[in-house]
Every structure is written in C-alpha cells, then in structure tokens.
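Have a look at entry-v1.txt; it's compact mmCIF, C-alpha atoms:
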# COMPACT_ATOMS: atom_id res chain seq x y z
CA MET A 1400 6.98 -6.45 -14.29
CA ARG A 1401 7.26 -2.71 -13.77
CA ILE A 1402 5.81 -1.69 -10.41
CA VAL A 1403 5.38 1.87 -9.14
CA ILE A 1404 5.13 2.38 -5.38
CA ALA A 1405 3.68 5.48 -3.73
CA GLY A 1406 5.38 6.29 -0.45
CA GLY A 1407 8.60 4.82 -1.80
CA HIS A 1408 10.73 5.78 1.22
CA GLY A 1409 8.41 4.21 3.79
CA GLN A 1410 9.57 1.34 5.95
CA ILE A 1411 7.39 -1.23 4.19
CA ALA A 1412 8.04 0.24 0.73
CA LEU A 1413 11.84 0.04 1.05
CA ARG A 1414 11.55 -3.61 2.06
CA LEU A 1415 9.19 -4.26 -0.86
CA GLU A 1416 11.51 -2.53 -3.31
CA ARG A 1417 14.39 -4.77 -2.25
CA LEU A 1418 12.27 -7.90 -2.71
CA LEU A 1419 10.93 -6.87 -6.12
CA ALA A 1420 14.34 -5.76 -7.42
CA ALA A 1421 15.94 -8.98 -6.18
CA ARG A 1422 13.49 -11.07 -8.21
CA GLY A 1423 14.15 -9.02 -11.33
CA ASP A 1424 11.21 -6.63 -11.43
CA GLU A 1425 11.65 -3.01 -12.48
CA VAL A 1426 10.65 -0.85 -9.51
CA ALA A 1427 10.04 2.89 -9.14
CA GLY A 1428 9.28 4.59 -5.84
CA ILE A 1429 7.54 7.95 -5.55
CA ILE A 1430 9.16 10.14 -2.87
CA ARG A 1431 8.65 13.70 -1.63
CA LYS A 1432 12.27 14.59 -0.92
CA ALA A 1433 15.21 14.36 -3.31
CA GLU A 1434 17.52 13.50 -0.42
CA GLN A 1435 15.68 10.17 -0.04
CA ALA A 1436 16.73 9.07 -3.54
CA ASP A 1437 19.94 7.29 -2.56
CA ASP A 1438 18.06 5.02 -0.15
CA LEU A 1439 15.81 3.90 -3.01
CA ARG A 1440 18.72 3.33 -5.36
CA GLU A 1441 20.37 1.21 -2.68
CA ALA A 1442 17.17 -0.84 -2.49
CA GLY A 1443 17.26 -1.33 -6.27
CA ALA A 1444 14.47 1.12 -7.10
CA GLU A 1445 14.28 4.14 -9.37
CA PRO A 1446 13.48 7.26 -7.31
CA VAL A 1447 10.70 9.50 -8.63
CA VAL A 1448 10.44 12.84 -6.81
CA LEU A 1449 6.80 13.94 -6.69
CA ASP A 1450 4.68 15.33 -3.86
CA LEU A 1451 1.35 13.49 -3.84
CA GLU A 1452 -0.16 16.23 -1.65
CA SER A 1453 0.23 18.82 -4.41
CA ALA A 1454 0.56 16.86 -7.67
CA SER A 1455 -2.23 16.66 -10.25
CA VAL A 1456 -3.78 13.45 -11.53
CA ASP A 1457 -2.08 14.00 -14.89
CA GLU A 1458 1.34 14.39 -13.25
CA VAL A 1459 0.95 11.16 -11.30
CA ALA A 1460 -0.51 9.32 -14.30
CA GLU A 1461 2.56 10.27 -16.33
CA ARG A 1462 4.77 8.51 -13.75
CA LEU A 1463 2.50 5.46 -13.81
CA ARG A 1464 2.28 5.07 -17.57
CA GLY A 1465 3.70 1.75 -18.72
CA ALA A 1466 3.55 0.14 -15.27
CA ASP A 1467 2.10 -3.34 -14.76
CA ALA A 1468 1.08 -2.65 -11.17
CA ALA A 1469 0.78 0.21 -8.69
CA VAL A 1470 1.14 -0.07 -4.91
CA PHE A 1471 -0.05 2.64 -2.52
CA ALA A 1472 2.15 2.36 0.57
CA ALA A 1473 2.25 6.03 1.55
CA GLY A 1474 1.19 7.29 4.95
CA ALA A 1475 1.29 10.50 6.90
CA GLY A 1476 3.13 8.72 9.70
CA PRO A 1477 2.57 8.46 13.46
CA GLY A 1478 3.89 11.95 14.20
CA SER A 1479 1.52 13.73 11.82
CA GLY A 1480 -1.57 15.69 12.75
CA VAL A 1481 -5.19 15.36 11.79
CA ALA A 1482 -4.90 17.40 8.58
CA ARG A 1483 -2.33 15.09 6.97
CA LYS A 1484 -4.44 12.02 7.67
CA ASP A 1485 -6.84 13.55 5.17
CA THR A 1486 -4.27 14.84 2.66
CA VAL A 1487 -2.08 11.70 2.63
CA ASP A 1488 -3.93 8.67 3.97
CA LYS A 1489 -7.11 9.56 2.11
CA ALA A 1490 -6.56 12.18 -0.61
CA ALA A 1491 -3.20 10.90 -1.87
CA ALA A 1492 -4.61 7.36 -2.07
CA VAL A 1493 -7.58 8.62 -4.08
CA LEU A 1494 -5.27 10.63 -6.34
CA PHE A 1495 -3.00 7.62 -6.92
CA ALA A 1496 -5.97 5.41 -7.76
CA ASP A 1497 -7.40 7.98 -10.19
CA ALA A 1498 -3.97 8.32 -11.80
CA ALA A 1499 -3.71 4.53 -12.20
CA VAL A 1500 -7.06 4.52 -13.99
CA LYS A 1501 -5.94 7.37 -16.25
CA ALA A 1502 -2.64 5.62 -17.02
CA GLY A 1503 -4.36 2.31 -17.75
CA VAL A 1504 -2.69 0.44 -14.88
CA ARG A 1505 -5.26 -2.14 -13.77
CA ARG A 1506 -3.40 -3.96 -10.98
CA PHE A 1507 -3.62 -1.85 -7.83
CA VAL A 1508 -2.69 -2.83 -4.29
CA ILE A 1509 -3.32 -0.50 -1.38
CA VAL A 1510 -1.82 -0.85 2.09
CA SER A 1511 -4.59 0.00 4.53
CA SER A 1512 -4.93 -0.73 8.24
CA MET A 1513 -6.83 -3.21 10.32
CA GLY A 1514 -9.91 -1.43 11.65
CA ALA A 1515 -10.11 1.03 8.74
CA ASP A 1516 -13.74 2.12 8.38
CA PRO A 1517 -15.28 5.27 6.86
CA ARG A 1518 -17.89 5.14 9.63
CA HIS A 1519 -15.37 4.83 12.46
CA GLN A 1520 -16.32 7.11 15.35
CA GLY A 1521 -14.06 9.35 17.45
CA ASP A 1522 -11.97 12.48 17.24
CA GLU A 1523 -8.55 11.26 18.36
CA ILE A 1524 -5.81 11.24 15.73
CA PHE A 1525 -5.93 7.44 15.39
CA ASP A 1526 -9.71 7.62 14.93
CA VAL A 1527 -9.25 10.13 12.12
CA TYR A 1528 -6.58 7.88 10.61
CA LEU A 1529 -8.84 4.82 10.58
CA ARG A 1530 -11.66 6.87 9.06
CA ALA A 1531 -9.35 8.30 6.36
CA LYS A 1532 -8.02 4.85 5.50
CA GLY A 1533 -11.56 3.50 5.37
CA GLU A 1534 -12.69 6.29 3.05
CA ALA A 1535 -9.73 5.65 0.74
CA ASP A 1536 -10.51 1.92 0.66
CA ALA A 1537 -14.17 2.59 -0.11
CA TYR A 1538 -13.18 4.88 -2.99
CA VAL A 1539 -10.84 2.31 -4.51
CA ARG A 1540 -13.52 -0.40 -4.25
CA GLY A 1541 -15.75 1.75 -6.42
CA LEU A 1542 -13.32 1.90 -9.34
CA ASP A 1543 -14.26 -0.79 -11.86
CA ALA A 1544 -11.22 0.10 -13.98
CA LEU A 1545 -8.89 -1.27 -11.28
CA ASP A 1546 -8.12 -4.85 -10.29
CA TRP A 1547 -7.65 -3.80 -6.69
CA THR A 1548 -6.60 -5.65 -3.57
CA ILE A 1549 -6.74 -4.00 -0.14
CA LEU A 1550 -4.29 -5.28 2.47
CA ARG A 1551 -4.98 -4.48 6.12
CA PRO A 1552 -2.06 -5.47 8.35
CA GLY A 1553 -2.32 -5.73 12.10
CA GLN A 1554 0.04 -3.90 14.45
CA LEU A 1555 3.36 -3.45 12.68
CA THR A 1556 6.65 -4.47 14.28
CA ASP A 1557 10.31 -4.30 13.30
CA ASP A 1558 10.91 -7.92 14.31
CA ALA A 1559 12.62 -10.09 11.72
CA GLY A 1560 10.13 -11.62 9.34
CA THR A 1561 9.29 -15.30 9.73
CA GLY A 1562 7.65 -15.80 6.35
CA LEU A 1563 4.68 -17.32 8.18
CA VAL A 1564 1.41 -15.40 8.16
CA ARG A 1565 -2.34 -15.53 8.52
CA LEU A 1566 -4.05 -13.85 5.56
CA GLU A 1567 -7.84 -13.89 5.54
CA ALA A 1568 -10.88 -11.65 5.15
CA ARG A 1569 -11.01 -11.55 8.97
CA THR A 1570 -8.09 -12.57 11.14
CA GLY A 1571 -8.77 -10.76 14.40
CA ARG A 1572 -6.19 -8.53 16.05
CA GLY A 1573 -2.51 -9.38 16.05
CA THR A 1574 0.98 -8.21 15.14
CA ILE A 1575 2.95 -8.59 11.93
CA PRO A 1576 6.58 -7.74 11.11
CA ARG A 1577 7.04 -5.20 8.33
CA ASP A 1578 9.28 -7.77 6.59
CA ASP A 1579 6.31 -10.11 6.24
CA VAL A 1580 3.96 -7.33 5.07
CA ALA A 1581 6.43 -6.56 2.27
CA ALA A 1582 6.69 -10.25 1.37
CA VAL A 1583 2.90 -10.52 1.12
CA LEU A 1584 2.73 -7.38 -1.03
CA ALA A 1585 5.35 -8.81 -3.39
CA GLU A 1586 3.15 -11.88 -3.87
CA LEU A 1587 -0.06 -9.86 -4.21
CA VAL A 1588 1.17 -7.62 -7.04
CA ASP A 1589 1.93 -10.81 -8.97
CA THR A 1590 -1.39 -12.51 -8.13
CA SER A 1591 -4.22 -10.77 -9.94
CA ALA A 1592 -6.59 -13.52 -8.80
CA THR A 1593 -6.73 -11.67 -5.47
CA ALA A 1594 -8.44 -8.73 -7.19
CA GLY A 1595 -11.58 -7.57 -5.42
CA LEU A 1596 -10.46 -8.83 -2.01
CA THR A 1597 -9.96 -6.94 1.25
CA LEU A 1598 -7.56 -8.99 3.37
CA GLU A 1599 -6.38 -8.76 6.95
CA LEU A 1600 -2.84 -9.86 7.77
CA ILE A 1601 -1.18 -10.98 11.00
CA SER A 1602 1.57 -13.40 11.89
CA GLY A 1603 0.54 -17.04 11.61
CA SER A 1604 1.69 -20.47 10.53
CA THR A 1605 1.23 -20.43 6.74
CA PRO A 1606 4.09 -19.62 4.33
CA VAL A 1607 3.47 -16.34 2.50
CA ALA A 1608 3.16 -17.80 -1.02
CA VAL A 1609 0.76 -20.51 0.20
CA ALA A 1610 -1.34 -17.96 2.11
CA VAL A 1611 -1.72 -15.76 -0.97
CA ARG A 1612 -2.58 -18.71 -3.21
CA SER A 1613 -5.17 -19.94 -0.72
CA VAL A 1614 -7.17 -16.69 -0.87
CA ALA A 1615 -6.72 -16.12 -4.62
CA GLY A 1616 -9.98 -16.40 -6.51
CA ASN A 1617 -12.12 -16.31 -3.35
Please lay out the structure from this file as structure tokens.
Amino acid sequence: MRIVIAGGHGQIALRLERLLAARGDEVAGIIRKAEQADDLREAGAEPVVLDLESASVDEVAERLRGADAAVFAAGAGPGSGVARKDTVDKAAAVLFADAAVKAGVRRFVIVSSMGADPRHQGDEIFDVYLRAKGEADAYVRGLDALDWTILRPGQLTDDAGTGLVRLEARTGRGTIPRDDVAAVLAELVDTSATAGLTLELISGSTPVAVAVRSVAGN
C-alpha cells in the first residue's frame, strides 16, 4: 500500500511510519519544515514539505494522488494557542479530507481525541481543542466519498507499548502509549471493514490485531 500521513513529524506519525515501512508499505509524511525531513527518512518515510495551513486543496490532492490510504495525524500541539486549534486541528483536517476526495483516495483515518465534540462548552484552550476536533470529525463523517474511521485515543503517554488495548465505541477514560496508538493505526489503514466507525482507544487486555478485527464490520 501507499499511505500518506498528514503531520508526518508528529510523535504518533513517526512511530506509524516506522511500522508501515517495516511491513513493506510505501509511506509519505507531510511536514511543514524541510529540516524535519531526515527524521522521516530515518523512519522509512518519504518527506513531503507542504504547509497545510496555507496549501490549497489542489496542492494537497496532488500529493495524495495514487495513495491507497490517507491518515490525518497532524495537531497544533499542546503549546499552541486558540487560533491554531482552528487552523490545524479543524481546518487542516477538513482540507486533507477534501483533498483525499479530490484525489480519489477512499480510505481515510483521522486521529481525533477522546471527548471531541462540536458542541463542547468552554473557552479554555483545551475546550477549544475538543470543539475543533469534534467539528473536524463531524465534517469527515459527512463525506460519502470517504471510507473513514475516526480514532479517539485517551490520554497519551510515552510509556513503551504493550500491544494490548481496549478499542470500542465507548471505552471510558484511560491512558494509552503512543506506541500502541501507532500500532492500532497501522491495522486500521489495512482494515477497510472499520469504515464508518468512531472508536475510542485506551490500554487494555486485547492484542491490537484482535481488537481491530473484533470491531470490523460493526
């Protein structure tokens, strides 16, 4: 498969790139800064320098053409302000989804957040983030041209992955290592039977591949 990842230098994306490259997939990661390119090459991915906050749909679609799947793993990051929650967490996700439609890439996986909700109340930065993520998810759900899956991890940690997760429509709050989020994403891009599902993810007791198969087709 050829898989294009938005937010290619993110902590989850770099882990995902390594996993996909190791299994023989062709991987490209979209990055904002040319100086991030070597990190992607080291992970086995082709770096594509493109700023999703200023690019057009046509420009992004050109980078997606010929891909078998697209993964949106970009984020404004914890140190960013309110404005970039809108321009990255929402607008860039919408742009990437529109570009996937234009490029004819049906399989689309978006990394969201547990608690994402377009109706979420509050004015703190995290409230704005959850609202932006929720609005992006709602937009993607409305695109019939995409076989989308929305993944909503719990609180992310840098602990070593265990390969054991809980993946369900509703899991309740919990933590999840970034290693295991990447492992679940690698399975999801290859499992189109999870299309149309919004899934929460926390650490659990089920091996990743089994967890993905158990929700496929639900």
Give me the stretch 1444-1471 of chain A side of the contact with stretch 1406-1430 of chain A, cut-off 7 Å, one line per residue showing its nearest atom pair and distance in Å at one decimal, counting all atoms listed in the file, sorted by chain and residue number, as JSON lines.
{"residue": "A:Ala1444", "atom": "CA", "partner": "A:Val1426", "partner_atom": "CA", "distance": 4.9}
{"residue": "A:Glu1445", "atom": "CA", "partner": "A:Ala1427", "partner_atom": "CA", "distance": 4.4}
{"residue": "A:Pro1446", "atom": "CA", "partner": "A:Gly1428", "partner_atom": "CA", "distance": 5.2}
{"residue": "A:Val1447", "atom": "CA", "partner": "A:Ile1429", "partner_atom": "CA", "distance": 4.7}
{"residue": "A:Val1448", "atom": "CA", "partner": "A:Ile1430", "partner_atom": "CA", "distance": 4.9}
{"residue": "A:Leu1449", "atom": "CA", "partner": "A:Ile1430", "partner_atom": "CA", "distance": 5.9}
{"residue": "A:Asp1450", "atom": "CA", "partner": "A:Ile1430", "partner_atom": "CA", "distance": 6.9}
{"residue": "A:Phe1471", "atom": "CA", "partner": "A:Gly1406", "partner_atom": "CA", "distance": 6.9}
Legend entry - Atom pair atom CA of A:Asp1497 / atom CA of A:Glu1523: separation (Å):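 One can read the atom CA of A:Asp1497 to atom CA of A:Glu1523 distance as 28.8 Å.
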Proximity check stretch 1415-1527 of chain A to stretch 1532-1545 of chain A, 10 Å, nearest pairs one decimal Å, all atoms listed in the file, as a tab-separated table:
residue	atom	partner	partner_atom	distance
A:Gly1474	CA	A:Lys1532	CA	9.5
A:Lys1484	CA	A:Lys1532	CA	8.3
A:Asp1485	CA	A:Lys1532	CA	8.8
A:Val1487	CA	A:Lys1532	CA	9.5
A:Asp1488	CA	A:Lys1532	CA	5.8
A:Lys1489	CA	A:Ala1535	CA	4.9
A:Ala1490	CA	A:Ala1535	CA	7.4
A:Ala1491	CA	A:Ala1535	CA	8.8
A:Ala1492	CA	A:Ala1535	CA	6.1
A:Val1493	CA	A:Ala1535	CA	6.1
A:Leu1494	CA	A:Ala1535	CA	9.7
A:Phe1495	CA	A:Val1539	CA	9.8
A:Ala1496	CA	A:Val1539	CA	6.6
A:Asp1497	CA	A:Leu1542	CA	8.5
A:Ala1499	CA	A:Leu1545	CA	7.8
A:Val1500	CA	A:Ala1544	CA	6.1
A:Lys1501	CA	A:Ala1544	CA	9.3
A:Gly1503	CA	A:Ala1544	CA	8.1
A:Val1504	CA	A:Leu1545	CA	7.4
A:Arg1505	CA	A:Leu1545	CA	4.5
A:Arg1506	CA	A:Leu1545	CA	6.1
A:Phe1507	CA	A:Leu1545	CA	6.3
A:Val1508	CA	A:Leu1545	CA	9.5
A:Ile1509	CA	A:Asp1536	CA	7.9
A:Val1510	CA	A:Lys1532	CA	9.1
A:Ser1511	CA	A:Lys1532	CA	6.0
A:Ser1512	CA	A:Lys1532	CA	6.9
A:Met1513	CA	A:Lys1532	CA	9.5
A:Gly1514	CA	A:Gly1533	CA	8.2
A:Ala1515	CA	A:Gly1533	CA	4.4
A:Asp1516	CA	A:Gly1533	CA	4.0
A:Pro1517	CA	A:Gly1533	CA	4.4
A:Arg1518	CA	A:Gly1533	CA	7.8
A:His1519	CA	A:Gly1533	CA	8.2
A:Asp1526	CA	A:Lys1532	CA	10.0
A:Val1527	CA	A:Lys1532	CA	8.6
Output the selection as a PDB file, in the frame of the given file - C-alpha atoms for each residue.
ATOM      1  CA  GLY A1474       1.190   7.290   4.950  1.00  0.00           C
ATOM      2  CA  LYS A1484      -4.440  12.020   7.670  1.00  0.00           C
ATOM      3  CA  ASP A1485      -6.840  13.550   5.170  1.00  0.00           C
ATOM      4  CA  VAL A1487      -2.080  11.700   2.630  1.00  0.00           C
ATOM      5  CA  ASP A1488      -3.930   8.670   3.970  1.00  0.00           C
ATOM      6  CA  LYS A1489      -7.110   9.560   2.110  1.00  0.00           C
ATOM      7  CA  ALA A1490      -6.560  12.180  -0.610  1.00  0.00           C
ATOM      8  CA  ALA A1491      -3.200  10.900  -1.870  1.00  0.00           C
ATOM      9  CA  ALA A1492      -4.610   7.360  -2.070  1.00  0.00           C
ATOM     10  CA  VAL A1493      -7.580   8.620  -4.080  1.00  0.00           C
ATOM     11  CA  LEU A1494      -5.270  10.630  -6.340  1.00  0.00           C
ATOM     12  CA  PHE A1495      -3.000   7.620  -6.920  1.00  0.00           C
ATOM     13  CA  ALA A1496      -5.970   5.410  -7.760  1.00  0.00           C
ATOM     14  CA  ASP A1497      -7.400   7.980 -10.190  1.00  0.00           C
ATOM     15  CA  ALA A1499      -3.710   4.530 -12.200  1.00  0.00           C
ATOM     16  CA  VAL A1500      -7.060   4.520 -13.990  1.00  0.00           C
ATOM     17  CA  LYS A1501      -5.940   7.370 -16.250  1.00  0.00           C
ATOM     18  CA  GLY A1503      -4.360   2.310 -17.750  1.00  0.00           C
ATOM     19  CA  VAL A1504      -2.690   0.440 -14.880  1.00  0.00           C
ATOM     20  CA  ARG A1505      -5.260  -2.140 -13.770  1.00  0.00           C
ATOM     21  CA  ARG A1506      -3.400  -3.960 -10.980  1.00  0.00           C
ATOM     22  CA  PHE A1507      -3.620  -1.850  -7.830  1.00  0.00           C
ATOM     23  CA  VAL A1508      -2.690  -2.830  -4.290  1.00  0.00           C
ATOM     24  CA  ILE A1509      -3.320  -0.500  -1.380  1.00  0.00           C
ATOM     25  CA  VAL A1510      -1.820  -0.850   2.090  1.00  0.00           C
ATOM     26  CA  SER A1511      -4.590   0.000   4.530  1.00  0.00           C
ATOM     27  CA  SER A1512      -4.930  -0.730   8.240  1.00  0.00           C
ATOM     28  CA  MET A1513      -6.830  -3.210  10.320  1.00  0.00           C
ATOM     29  CA  GLY A1514      -9.910  -1.430  11.650  1.00  0.00           C
ATOM     30  CA  ALA A1515     -10.110   1.030   8.740  1.00  0.00           C
ATOM     31  CA  ASP A1516     -13.740   2.120   8.380  1.00  0.00           C
ATOM     32  CA  PRO A1517     -15.280   5.270   6.860  1.00  0.00           C
ATOM     33  CA  ARG A1518     -17.890   5.140   9.630  1.00  0.00           C
ATOM     34  CA  HIS A1519     -15.370   4.830  12.460  1.00  0.00           C
ATOM     35  CA  ASP A1526      -9.710   7.620  14.930  1.00  0.00           C
ATOM     36  CA  VAL A1527      -9.250  10.130  12.120  1.00  0.00           C
TER      37      VAL A1527
END
Legend entry - Computed interatomic separation between atom CA of A:Thr1574 and atom CA of A:Gly1603 (Å): 9.5 Å
Inset, instruction - Do a neighbour search on A:Asp1457 at 9 Å with only C-alpha atoms, toss out local chain neighbours closer than 2 positions, and write the hits as a list in words. - result: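 The residues that qualify are Ala1454, Ser1455, Val1459, Ala1460, Glu1461, Arg1462, Ala1498, Lys1501 and Ala1502 of chain A.
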Legend entry - Residue among A:Ala1582, A:Arg1551, A:Val1611, A:Gly1616 lying closest to A:Thr1597, counting only C-alpha atoms: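 Closest candidate: A:Arg1551.
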Inset, instruction - Pick out the residues sitting within 10 Å of A:Pro1552, and hand them over as a PyMOL selection string; count all atoms listed in the file, and ignore anything fewer than 3 positions along from it in its own chain. - result: chain A and resi 1510-1514+1549+1555+1566+1570+1572-1577+1579-1580+1598-1602
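Proximity to A:Val1564 was assessed for A:Glu1434, A:Pro1606, A:Leu1550, A:Leu1584 counting all atoms listed in the file; the smallest distance is recorded for A:Pro1606.
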Any chance you could model N, CA, C and O atoms for stretch 1509-1529 of chain A and send them as a PDB file, in the coordinates of the input?
ATOM      1  N   ILE A1509      -3.384  -1.596  -2.330  1.00  0.00           N
ATOM      2  CA  ILE A1509      -3.320  -0.500  -1.380  1.00  0.00           C
ATOM      3  C   ILE A1509      -3.065  -1.051   0.022  1.00  0.00           C
ATOM      4  O   ILE A1509      -3.709  -2.016   0.443  1.00  0.00           O
ATOM      5  N   VAL A1510      -2.098  -0.460   0.710  1.00  0.00           N
ATOM      6  CA  VAL A1510      -1.820  -0.850   2.090  1.00  0.00           C
ATOM      7  C   VAL A1510      -2.711  -0.004   2.997  1.00  0.00           C
ATOM      8  O   VAL A1510      -2.561   1.209   3.085  1.00  0.00           O
ATOM      9  N   SER A1511      -3.639  -0.668   3.652  1.00  0.00           N
ATOM     10  CA  SER A1511      -4.590   0.000   4.530  1.00  0.00           C
ATOM     11  C   SER A1511      -4.212  -0.303   5.975  1.00  0.00           C
ATOM     12  O   SER A1511      -3.028  -0.417   6.299  1.00  0.00           O
ATOM     13  N   SER A1512      -5.190  -0.447   6.826  1.00  0.00           N
ATOM     14  CA  SER A1512      -4.930  -0.730   8.240  1.00  0.00           C
ATOM     15  C   SER A1512      -6.086  -1.540   8.803  1.00  0.00           C
ATOM     16  O   SER A1512      -7.246  -1.301   8.454  1.00  0.00           O
ATOM     17  N   MET A1513      -5.773  -2.486   9.658  1.00  0.00           N
ATOM     18  CA  MET A1513      -6.830  -3.210  10.320  1.00  0.00           C
ATOM     19  C   MET A1513      -7.700  -2.221  11.120  1.00  0.00           C
ATOM     20  O   MET A1513      -7.174  -1.344  11.800  1.00  0.00           O
ATOM     21  N   GLY A1514      -8.993  -2.343  10.974  1.00  0.00           N
ATOM     22  CA  GLY A1514      -9.910  -1.430  11.650  1.00  0.00           C
ATOM     23  C   GLY A1514     -10.302  -0.230  10.822  1.00  0.00           C
ATOM     24  O   GLY A1514     -11.126   0.587  11.255  1.00  0.00           O
ATOM     25  N   ALA A1515      -9.741  -0.088   9.612  1.00  0.00           N
ATOM     26  CA  ALA A1515     -10.110   1.030   8.740  1.00  0.00           C
ATOM     27  C   ALA A1515     -11.603   0.969   8.424  1.00  0.00           C
ATOM     28  O   ALA A1515     -12.124  -0.087   8.068  1.00  0.00           O
ATOM     29  N   ASP A1516     -12.286   2.094   8.564  1.00  0.00           N
ATOM     30  CA  ASP A1516     -13.740   2.120   8.380  1.00  0.00           C
ATOM     31  C   ASP A1516     -14.181   3.568   8.201  1.00  0.00           C
ATOM     32  O   ASP A1516     -13.946   4.408   9.071  1.00  0.00           O
ATOM     33  N   PRO A1517     -14.833   3.883   7.072  1.00  0.00           N
ATOM     34  CA  PRO A1517     -15.280   5.270   6.860  1.00  0.00           C
ATOM     35  C   PRO A1517     -16.297   5.731   7.895  1.00  0.00           C
ATOM     36  O   PRO A1517     -16.507   6.929   8.066  1.00  0.00           O
ATOM     37  N   ARG A1518     -16.901   4.789   8.611  1.00  0.00           N
ATOM     38  CA  ARG A1518     -17.890   5.140   9.630  1.00  0.00           C
ATOM     39  C   ARG A1518     -17.308   5.080  11.041  1.00  0.00           C
ATOM     40  O   ARG A1518     -18.046   5.193  12.024  1.00  0.00           O
ATOM     41  N   HIS A1519     -16.005   4.917  11.135  1.00  0.00           N
ATOM     42  CA  HIS A1519     -15.370   4.830  12.460  1.00  0.00           C
ATOM     43  C   HIS A1519     -15.636   6.121  13.246  1.00  0.00           C
ATOM     44  O   HIS A1519     -15.516   7.228  12.722  1.00  0.00           O
ATOM     45  N   GLN A1520     -15.972   5.964  14.503  1.00  0.00           N
ATOM     46  CA  GLN A1520     -16.320   7.110  15.350  1.00  0.00           C
ATOM     47  C   GLN A1520     -15.107   7.555  16.184  1.00  0.00           C
ATOM     48  O   GLN A1520     -14.217   6.762  16.473  1.00  0.00           O
ATOM     49  N   GLY A1521     -15.107   8.830  16.570  1.00  0.00           N
ATOM     50  CA  GLY A1521     -14.060   9.350  17.450  1.00  0.00           C
ATOM     51  C   GLY A1521     -13.300  10.496  16.841  1.00  0.00           C
ATOM     52  O   GLY A1521     -13.273  10.665  15.612  1.00  0.00           O
ATOM     53  N   ASP A1522     -12.670  11.286  17.699  1.00  0.00           N
ATOM     54  CA  ASP A1522     -11.970  12.480  17.240  1.00  0.00           C
ATOM     55  C   ASP A1522     -10.483  12.464  17.546  1.00  0.00           C
ATOM     56  O   ASP A1522      -9.771  13.433  17.274  1.00  0.00           O
ATOM     57  N   GLU A1523      -9.992  11.380  18.145  1.00  0.00           N
ATOM     58  CA  GLU A1523      -8.550  11.260  18.360  1.00  0.00           C
ATOM     59  C   GLU A1523      -7.855  11.062  17.022  1.00  0.00           C
ATOM     60  O   GLU A1523      -8.471  10.651  16.031  1.00  0.00           O
ATOM     61  N   ILE A1524      -6.546  11.328  16.993  1.00  0.00           N
ATOM     62  CA  ILE A1524      -5.810  11.240  15.730  1.00  0.00           C
ATOM     63  C   ILE A1524      -5.929   9.841  15.111  1.00  0.00           C
ATOM     64  O   ILE A1524      -6.124   9.697  13.890  1.00  0.00           O
ATOM     65  N   PHE A1525      -5.838   8.798  15.942  1.00  0.00           N
ATOM     66  CA  PHE A1525      -5.930   7.440  15.390  1.00  0.00           C
ATOM     67  C   PHE A1525      -7.329   7.162  14.844  1.00  0.00           C
ATOM     68  O   PHE A1525      -7.486   6.447  13.841  1.00  0.00           O
ATOM     69  N   ASP A1526      -8.353   7.750  15.453  1.00  0.00           N
ATOM     70  CA  ASP A1526      -9.710   7.620  14.930  1.00  0.00           C
ATOM     71  C   ASP A1526      -9.818   8.249  13.545  1.00  0.00           C
ATOM     72  O   ASP A1526     -10.414   7.675  12.631  1.00  0.00           O
ATOM     73  N   VAL A1527      -9.242   9.429  13.415  1.00  0.00           N
ATOM     74  CA  VAL A1527      -9.250  10.130  12.120  1.00  0.00           C
ATOM     75  C   VAL A1527      -8.499   9.323  11.074  1.00  0.00           C
ATOM     76  O   VAL A1527      -8.914   9.214   9.913  1.00  0.00           O
ATOM     77  N   TYR A1528      -7.389   8.724  11.499  1.00  0.00           N
ATOM     78  CA  TYR A1528      -6.580   7.880  10.610  1.00  0.00           C
ATOM     79  C   TYR A1528      -7.392   6.692  10.092  1.00  0.00           C
ATOM     80  O   TYR A1528      -7.423   6.429   8.883  1.00  0.00           O
ATOM     81  N   LEU A1529      -8.060   5.986  10.986  1.00  0.00           N
ATOM     82  CA  LEU A1529      -8.840   4.820  10.580  1.00  0.00           C
ATOM     83  C   LEU A1529      -9.993   5.215   9.661  1.00  0.00           C
ATOM     84  O   LEU A1529     -10.324   4.500   8.712  1.00  0.00           O
TER      85      LEU A1529
END
